[in-house]
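Data file: model-v3.cif. Format and content: mmCIF, C-alpha atoms.
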```cif
data_coords
loop_
_atom_site.label_atom_id
_atom_site.label_comp_id
_atom_site.auth_asym_id
_atom_site.auth_seq_id
_atom_site.Cartn_x
_atom_site.Cartn_y
_atom_site.Cartn_z
CA MET A 184 -20.46 -52.25 9.46
CA ASN A 185 -19.61 -48.55 9.90
CA ARG A 186 -20.43 -46.48 12.99
CA SER A 187 -23.59 -45.03 11.45
CA SER A 188 -24.86 -48.48 10.54
CA ARG A 189 -24.14 -49.74 14.06
CA PHE A 190 -26.16 -46.86 15.49
CA VAL A 191 -29.11 -47.64 13.19
CA ALA A 192 -28.95 -51.33 14.15
CA LEU A 193 -28.92 -50.50 17.84
CA LEU A 194 -31.76 -48.00 17.47
CA ALA A 195 -33.85 -50.61 15.63
CA LEU A 196 -33.34 -53.04 18.51
CA LEU A 197 -34.38 -50.42 21.03
CA LEU A 198 -37.53 -49.46 19.15
CA ALA A 199 -38.64 -52.83 17.83
CA GLY A 200 -41.89 -54.01 19.30
CA GLY A 201 -42.49 -50.98 21.51
CA CYS A 202 -42.45 -52.72 24.89
CA GLY A 203 -40.57 -55.71 23.49
CA PRO A 204 -36.94 -56.67 24.09
CA SER A 205 -34.51 -53.77 24.51
CA LEU A 206 -30.74 -53.38 24.46
CA GLN A 207 -28.84 -50.95 26.69
CA THR A 208 -25.10 -50.39 26.91
CA ALA A 209 -23.03 -48.54 29.50
CA GLU A 210 -19.36 -47.81 30.10
CA ARG A 211 -17.51 -46.58 33.18
CA GLY A 212 -14.17 -44.92 33.70
CA PRO A 213 -11.47 -44.04 31.15
CA ARG A 214 -11.13 -46.15 28.04
CA ILE A 215 -7.98 -48.28 28.11
CA GLY A 216 -7.97 -49.13 24.43
CA THR A 217 -8.85 -47.62 21.08
CA ALA A 218 -11.97 -48.44 19.07
CA SER A 219 -11.62 -51.42 16.77
CA ASP A 220 -13.55 -53.34 14.14
CA PRO A 221 -16.31 -55.47 15.75
CA VAL A 222 -15.10 -58.54 13.82
CA LEU A 223 -11.95 -58.43 15.96
CA VAL A 224 -14.00 -58.84 19.16
CA ALA A 225 -14.09 -62.52 20.13
CA VAL A 226 -17.41 -63.73 21.55
CA VAL A 227 -17.06 -66.09 24.52
CA ASP A 228 -19.43 -67.73 26.96
CA GLY A 229 -18.72 -69.93 29.96
CA ARG A 230 -15.68 -68.78 31.93
CA ALA A 231 -14.40 -65.28 31.15
CA PRO A 232 -10.77 -64.94 29.96
CA GLN A 233 -8.16 -64.14 32.60
CA GLY A 234 -6.12 -60.93 32.68
CA MET A 235 -8.99 -58.78 31.42
CA ARG A 236 -11.12 -55.95 32.78
CA ALA A 237 -14.68 -55.03 31.86
CA VAL A 238 -14.99 -51.79 29.86
CA SER A 239 -18.66 -52.00 28.84
CA LEU A 240 -21.87 -53.74 29.81
CA SER A 241 -24.70 -54.45 27.38
CA VAL A 242 -28.02 -55.86 28.62
CA TRP A 243 -30.79 -57.26 26.41
CA ASP A 244 -33.99 -57.73 28.40
CA VAL A 245 -37.02 -59.85 27.62
CA HIS A 246 -40.25 -59.24 29.54
CA PRO A 247 -40.51 -61.78 32.39
CA SER A 248 -43.76 -63.13 30.92
CA ASP A 249 -42.05 -63.90 27.59
CA ALA A 250 -39.77 -66.80 26.70
CA LEU A 251 -36.04 -66.18 26.79
CA PRO A 252 -34.15 -67.85 23.91
CA GLU A 253 -31.53 -70.42 24.84
CA THR A 254 -28.94 -68.34 22.99
CA ALA A 255 -28.85 -64.62 22.34
CA PRO A 256 -30.15 -63.60 18.89
CA ARG A 257 -27.40 -62.96 16.37
CA ASP A 258 -28.33 -59.30 15.82
CA VAL A 259 -28.24 -58.70 19.59
CA VAL A 260 -24.77 -60.24 19.87
CA GLU A 261 -23.54 -58.20 16.90
CA SER A 262 -24.84 -54.98 18.45
CA MET A 263 -23.19 -55.88 21.77
CA ARG A 264 -20.01 -56.64 19.87
CA ALA A 265 -20.09 -53.28 18.10
CA GLU A 266 -20.59 -51.45 21.39
CA ALA A 267 -17.73 -53.37 23.00
CA ALA A 268 -15.43 -52.67 20.03
CA GLU A 269 -16.22 -48.96 20.25
CA ARG A 270 -14.85 -49.00 23.79
CA GLY A 271 -11.63 -50.84 22.95
CA ALA A 272 -12.69 -54.35 23.99
CA THR A 273 -11.07 -57.43 22.50
CA HIS A 274 -13.62 -59.92 23.87
CA LEU A 275 -17.35 -60.00 24.53
CA HIS A 276 -18.36 -62.28 27.39
CA VAL A 277 -22.07 -63.17 26.92
CA GLN A 278 -24.11 -64.65 29.77
CA ARG A 279 -27.74 -65.64 30.19
CA THR A 280 -29.85 -64.97 33.27
CA GLU A 281 -33.38 -66.26 33.75
CA SER A 282 -35.67 -66.03 36.77
CA PRO A 283 -39.36 -65.27 37.35
CA TRP A 284 -38.28 -61.64 37.89
CA ARG A 285 -35.78 -61.00 35.11
CA LYS A 286 -34.86 -62.61 31.81
CA ALA A 287 -31.88 -61.20 29.98
CA PHE A 288 -28.63 -61.73 28.15
CA TYR A 289 -25.80 -59.49 29.16
CA GLY A 290 -22.44 -58.99 27.51
CA ARG A 291 -19.35 -57.58 29.15
CA GLY A 292 -16.84 -55.97 26.81
CA LEU A 293 -13.41 -57.05 28.03
CA ALA A 294 -10.02 -55.49 27.32
CA PRO A 295 -6.53 -56.60 28.44
CA LEU A 296 -5.31 -55.08 31.67
CA PRO A 297 -2.55 -52.49 31.23
CA ALA A 298 0.93 -53.63 32.25
CA ASN A 299 1.47 -53.83 36.03
CA ASN A 300 -2.22 -53.21 36.68
CA VAL A 301 -4.37 -55.25 39.02
CA LYS A 302 -7.93 -56.09 38.08
CA PRO A 303 -10.23 -54.24 40.50
CA ALA A 304 -12.53 -56.25 42.73
CA SER A 305 -16.28 -56.08 42.18
CA ALA A 306 -17.63 -52.88 43.69
CA GLN A 307 -19.93 -52.79 46.68
CA CYS A 308 -23.13 -50.83 46.08
CA GLU A 309 -23.16 -47.43 47.77
CA GLY A 310 -24.41 -43.86 47.40
CA GLY A 311 -27.60 -41.97 48.05
CA ALA A 312 -29.61 -43.44 45.17
CA PHE A 313 -28.72 -46.98 46.24
CA THR A 314 -29.56 -46.27 49.88
CA ALA A 315 -32.94 -44.81 48.90
CA GLY A 316 -33.72 -47.69 46.55
CA LEU A 317 -32.79 -50.30 49.13
CA ALA A 318 -34.93 -48.51 51.74
CA ALA A 319 -37.90 -48.65 49.36
CA ALA A 320 -37.27 -52.37 48.79
CA ASN A 321 -37.16 -52.90 52.56
CA LYS A 322 -40.54 -51.20 52.98
CA GLN A 323 -42.12 -53.24 50.20
CA ALA A 324 -40.72 -56.52 51.56
CA ALA A 325 -41.80 -55.62 55.11
CA ARG A 326 -45.41 -55.03 53.97
CA CYS A 327 -45.38 -58.35 52.15
CA ILE A 328 -43.95 -60.30 55.10
CA LYS A 329 -46.39 -58.58 57.49
CA GLY A 330 -49.20 -59.96 55.34
CA LEU A 331 -47.72 -63.46 55.62
CA LEU A 332 -47.47 -63.10 59.41
CA GLN A 333 -51.17 -62.30 59.65
CA GLU A 334 -51.91 -65.67 58.03
CA ARG A 335 -48.98 -67.55 59.60
CA PRO A 336 -48.23 -65.96 63.02
CA ALA A 337 -45.69 -68.65 63.94
CA LEU A 338 -43.44 -67.60 61.04
CA LYS A 339 -40.03 -66.58 62.34
CA GLY A 340 -36.54 -66.21 60.96
CA ASN A 341 -34.36 -64.00 58.76
CA VAL A 342 -34.36 -63.58 55.01
CA GLU A 343 -31.05 -62.63 53.41
CA VAL A 344 -30.52 -62.08 49.69
CA LEU A 345 -27.27 -61.40 47.86
CA PHE A 346 -27.73 -59.41 44.67
CA GLU A 347 -25.96 -57.65 41.80
CA VAL A 348 -27.07 -54.34 40.31
CA ASP A 349 -26.46 -53.57 36.65
CA SER A 350 -25.28 -50.27 35.16
CA PHE A 351 -28.84 -48.95 34.97
CA GLY A 352 -29.88 -49.45 38.60
CA ARG A 353 -31.80 -52.69 38.11
CA THR A 354 -31.23 -55.96 39.94
CA LEU A 355 -29.49 -58.34 37.56
CA TYR A 356 -29.05 -61.33 39.86
CA ALA A 357 -30.46 -62.08 43.29
CA THR A 358 -30.21 -65.27 45.30
CA PRO A 359 -30.97 -66.16 48.94
CA SER A 360 -27.81 -66.75 50.97
CA ALA A 361 -27.01 -70.12 52.54
CA GLY A 362 -28.15 -68.82 55.94
CA SER A 363 -31.43 -67.34 54.75
CA SER A 364 -34.90 -68.59 55.58
CA ARG A 365 -35.85 -71.29 53.08
CA ASP A 366 -39.54 -70.30 53.17
CA GLY A 367 -40.47 -69.69 49.53
CA GLN A 368 -43.12 -67.05 50.25
CA VAL A 369 -40.75 -65.05 52.46
CA GLN A 370 -38.01 -65.25 49.83
CA SER A 371 -40.46 -64.05 47.17
CA CYS A 372 -41.31 -61.00 49.29
CA ALA A 373 -37.64 -59.98 49.28
CA LEU A 374 -36.98 -60.88 45.65
CA ASP A 375 -40.11 -59.10 44.39
CA ALA A 376 -39.02 -55.95 46.22
CA LEU A 377 -35.43 -56.05 44.93
CA PHE A 378 -36.41 -56.60 41.31
CA ASP A 379 -39.01 -53.80 41.55
CA ALA A 380 -36.51 -51.33 43.01
CA ASP A 381 -34.51 -48.62 41.27
CA LEU A 382 -31.17 -48.99 43.04
CA GLY A 383 -29.33 -46.18 41.28
CA GLU A 384 -26.56 -46.36 38.70
CA PRO A 385 -23.34 -47.67 40.29
CA THR A 386 -19.98 -46.01 39.72
CA ALA A 387 -18.70 -49.36 38.39
CA LEU A 388 -20.40 -51.34 35.63
CA THR A 389 -22.09 -53.45 38.30
CA CYS A 390 -22.11 -53.54 42.08
CA ARG A 391 -22.95 -56.09 44.76
CA GLY A 392 -25.30 -55.69 47.70
CA ARG A 393 -26.98 -57.59 50.51
CA PHE A 394 -30.59 -57.46 51.69
CA SER A 395 -31.34 -58.75 55.19
CA MET A 396 -34.58 -58.65 57.20
CA PRO A 397 -35.56 -60.49 60.39
CA PHE A 398 -39.19 -61.42 60.92
CA PRO A 399 -41.29 -60.73 62.86
CA MET A 400 -39.94 -57.20 62.41
CA GLY A 401 -37.65 -55.92 65.12
CA HIS A 402 -36.41 -59.38 66.18
#
```
Before anything else, please render the file you have as structure tokens.
Amino acid sequence: MNRSSRFVALLALLLAGGCGPSLQTAERGPRIGTASDPVLVAVVDGRAPQGMRAVSLSVWDVHPSDALPETAPRDVVESMRAEAAERGATHLHVQRTESPWRKAFYGRGLAPLPANNVKPASAQCEGGAFTAGLAAANKQAARCIKGLLQERPALKGNVEVLFEVDSFGRTLYATPSAGSSRDGQVQSCALDALFDADLGEPTALTCRGRFSMPFPMGH
């Protein structure tokens, strides 16, 4: 498939169904390899290969009310593969994420690390857009928890959620920490807010953050 055909295939995925599934791809930093034929990009799931760094991130979203296939559709994988190959990747690591808030497959294009290079650690979320987005999530969660407290005044504790933001400012993963309140309604307040938030595009392909809120507020 030539570059023009890959573009047409990707555009068709983006436009198909209007508000249906969509595919987005991002890259960060200098390319460390040259573009290659997509057939040379090995597709892997499970554990990612060692000695590699991510050079692209493709995300295929399904609306949370729709069913997420057990495996990514072939045309989606091929489009992810083409995008990864364009950025010099040798492998495409495909993973599935499903929750009430987000259903998606995402593929990281991976390329070998240059000689004597150390794979960078996952980035921490930072910057003005992230700070503003997290503040908005805090306000939304606080309103929600305040409503719970009106019905359940004895409710007390701390909710803490660890999350990952994708290249487009959306929460990809979010899970309560081991020390968080186990109250399901409280957790939902925090998770709803994080998945609703625009957390800004990170400088890396993804970044990690932490949401923490004591309740009642101010405790």
Here is a test: counting only C-alpha atoms, which residue of A:Ala237, A:Ala294, A:Ala324, A:Val222 is nearest to Val260 in chain A? A:Val222
Would you work out the distance separating CA of Asp349 in chain A from CA of Asp244 in chain A, expressed in Å to one decimal? 11.9 Å
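Taken over the whole file, the PyMOL selection byres ((chain A and resi 379) around 9) covers exactly Trp284, Ala320, Arg353, Thr354, Leu374, Asp375, Ala376, Leu377, Phe378, Ala380 and Asp381 of chain A.
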Taken to one decimal, the CA of Val245 in chain A-CA of Ser262 in chain A distance is 16.0 Å
I need the residue nearest Pro252 in chain A from this list: A:Ala287, A:Leu331, A:Val277, A:Leu317. Use only C-alpha atoms for the distance. A:Ala287
Surrounding residues of range 264-276 of chain A excluding itself and chain neighbours under 3 positions, 8 Å, all atoms listed in the file, as a VMD selection string: chain A and resid 189 208 210 214 to 221 223 to 228 231 238 to 241 260 to 261 290 to 295
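Atom pair CA of Cys308 in chain A / CA of Gly229 in chain A: separated by 25.4 Å.
The neighbours of Ala325 in chain A here are the residues that come within 9 Å of it, using all atoms listed in the file and leaving out any residue fewer than 3 positions away in the same chain; they are A:Ala320, A:Asn321, A:Lys322, A:Ile328, A:Lys329, A:Gly330, A:Cys372, A:Ala373, A:Met396, A:Phe398, A:Met400.
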Could you list, as a list in words, every residue within 10 Å of Ala306 in chain A, counting only C-alpha atoms and ignoring same-chain residues fewer than 5 positions away? Glu347, Pro385, Thr386, Ala387, Leu388, Thr389, Cys390, Arg391 and Gly392 of chain A
May I have the residues from that selection written out with C-alpha atoms, as a compact mmCIF listing (two decimals), in the frame of the given file?
```
# COMPACT_ATOMS: atom_id res chain seq x y z
CA GLU A 347 -25.96 -57.65 41.80
CA PRO A 385 -23.34 -47.67 40.29
CA THR A 386 -19.98 -46.01 39.72
CA ALA A 387 -18.70 -49.36 38.39
CA LEU A 388 -20.40 -51.34 35.63
CA THR A 389 -22.09 -53.45 38.30
CA CYS A 390 -22.11 -53.54 42.08
CA ARG A 391 -22.95 -56.09 44.76
CA GLY A 392 -25.30 -55.69 47.70
```
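Closest approach to Pro204 in chain A among A:Leu338, A:Met235, A:Val259, A:Val344 is made by A:Val259 (distances from only C-alpha atoms).
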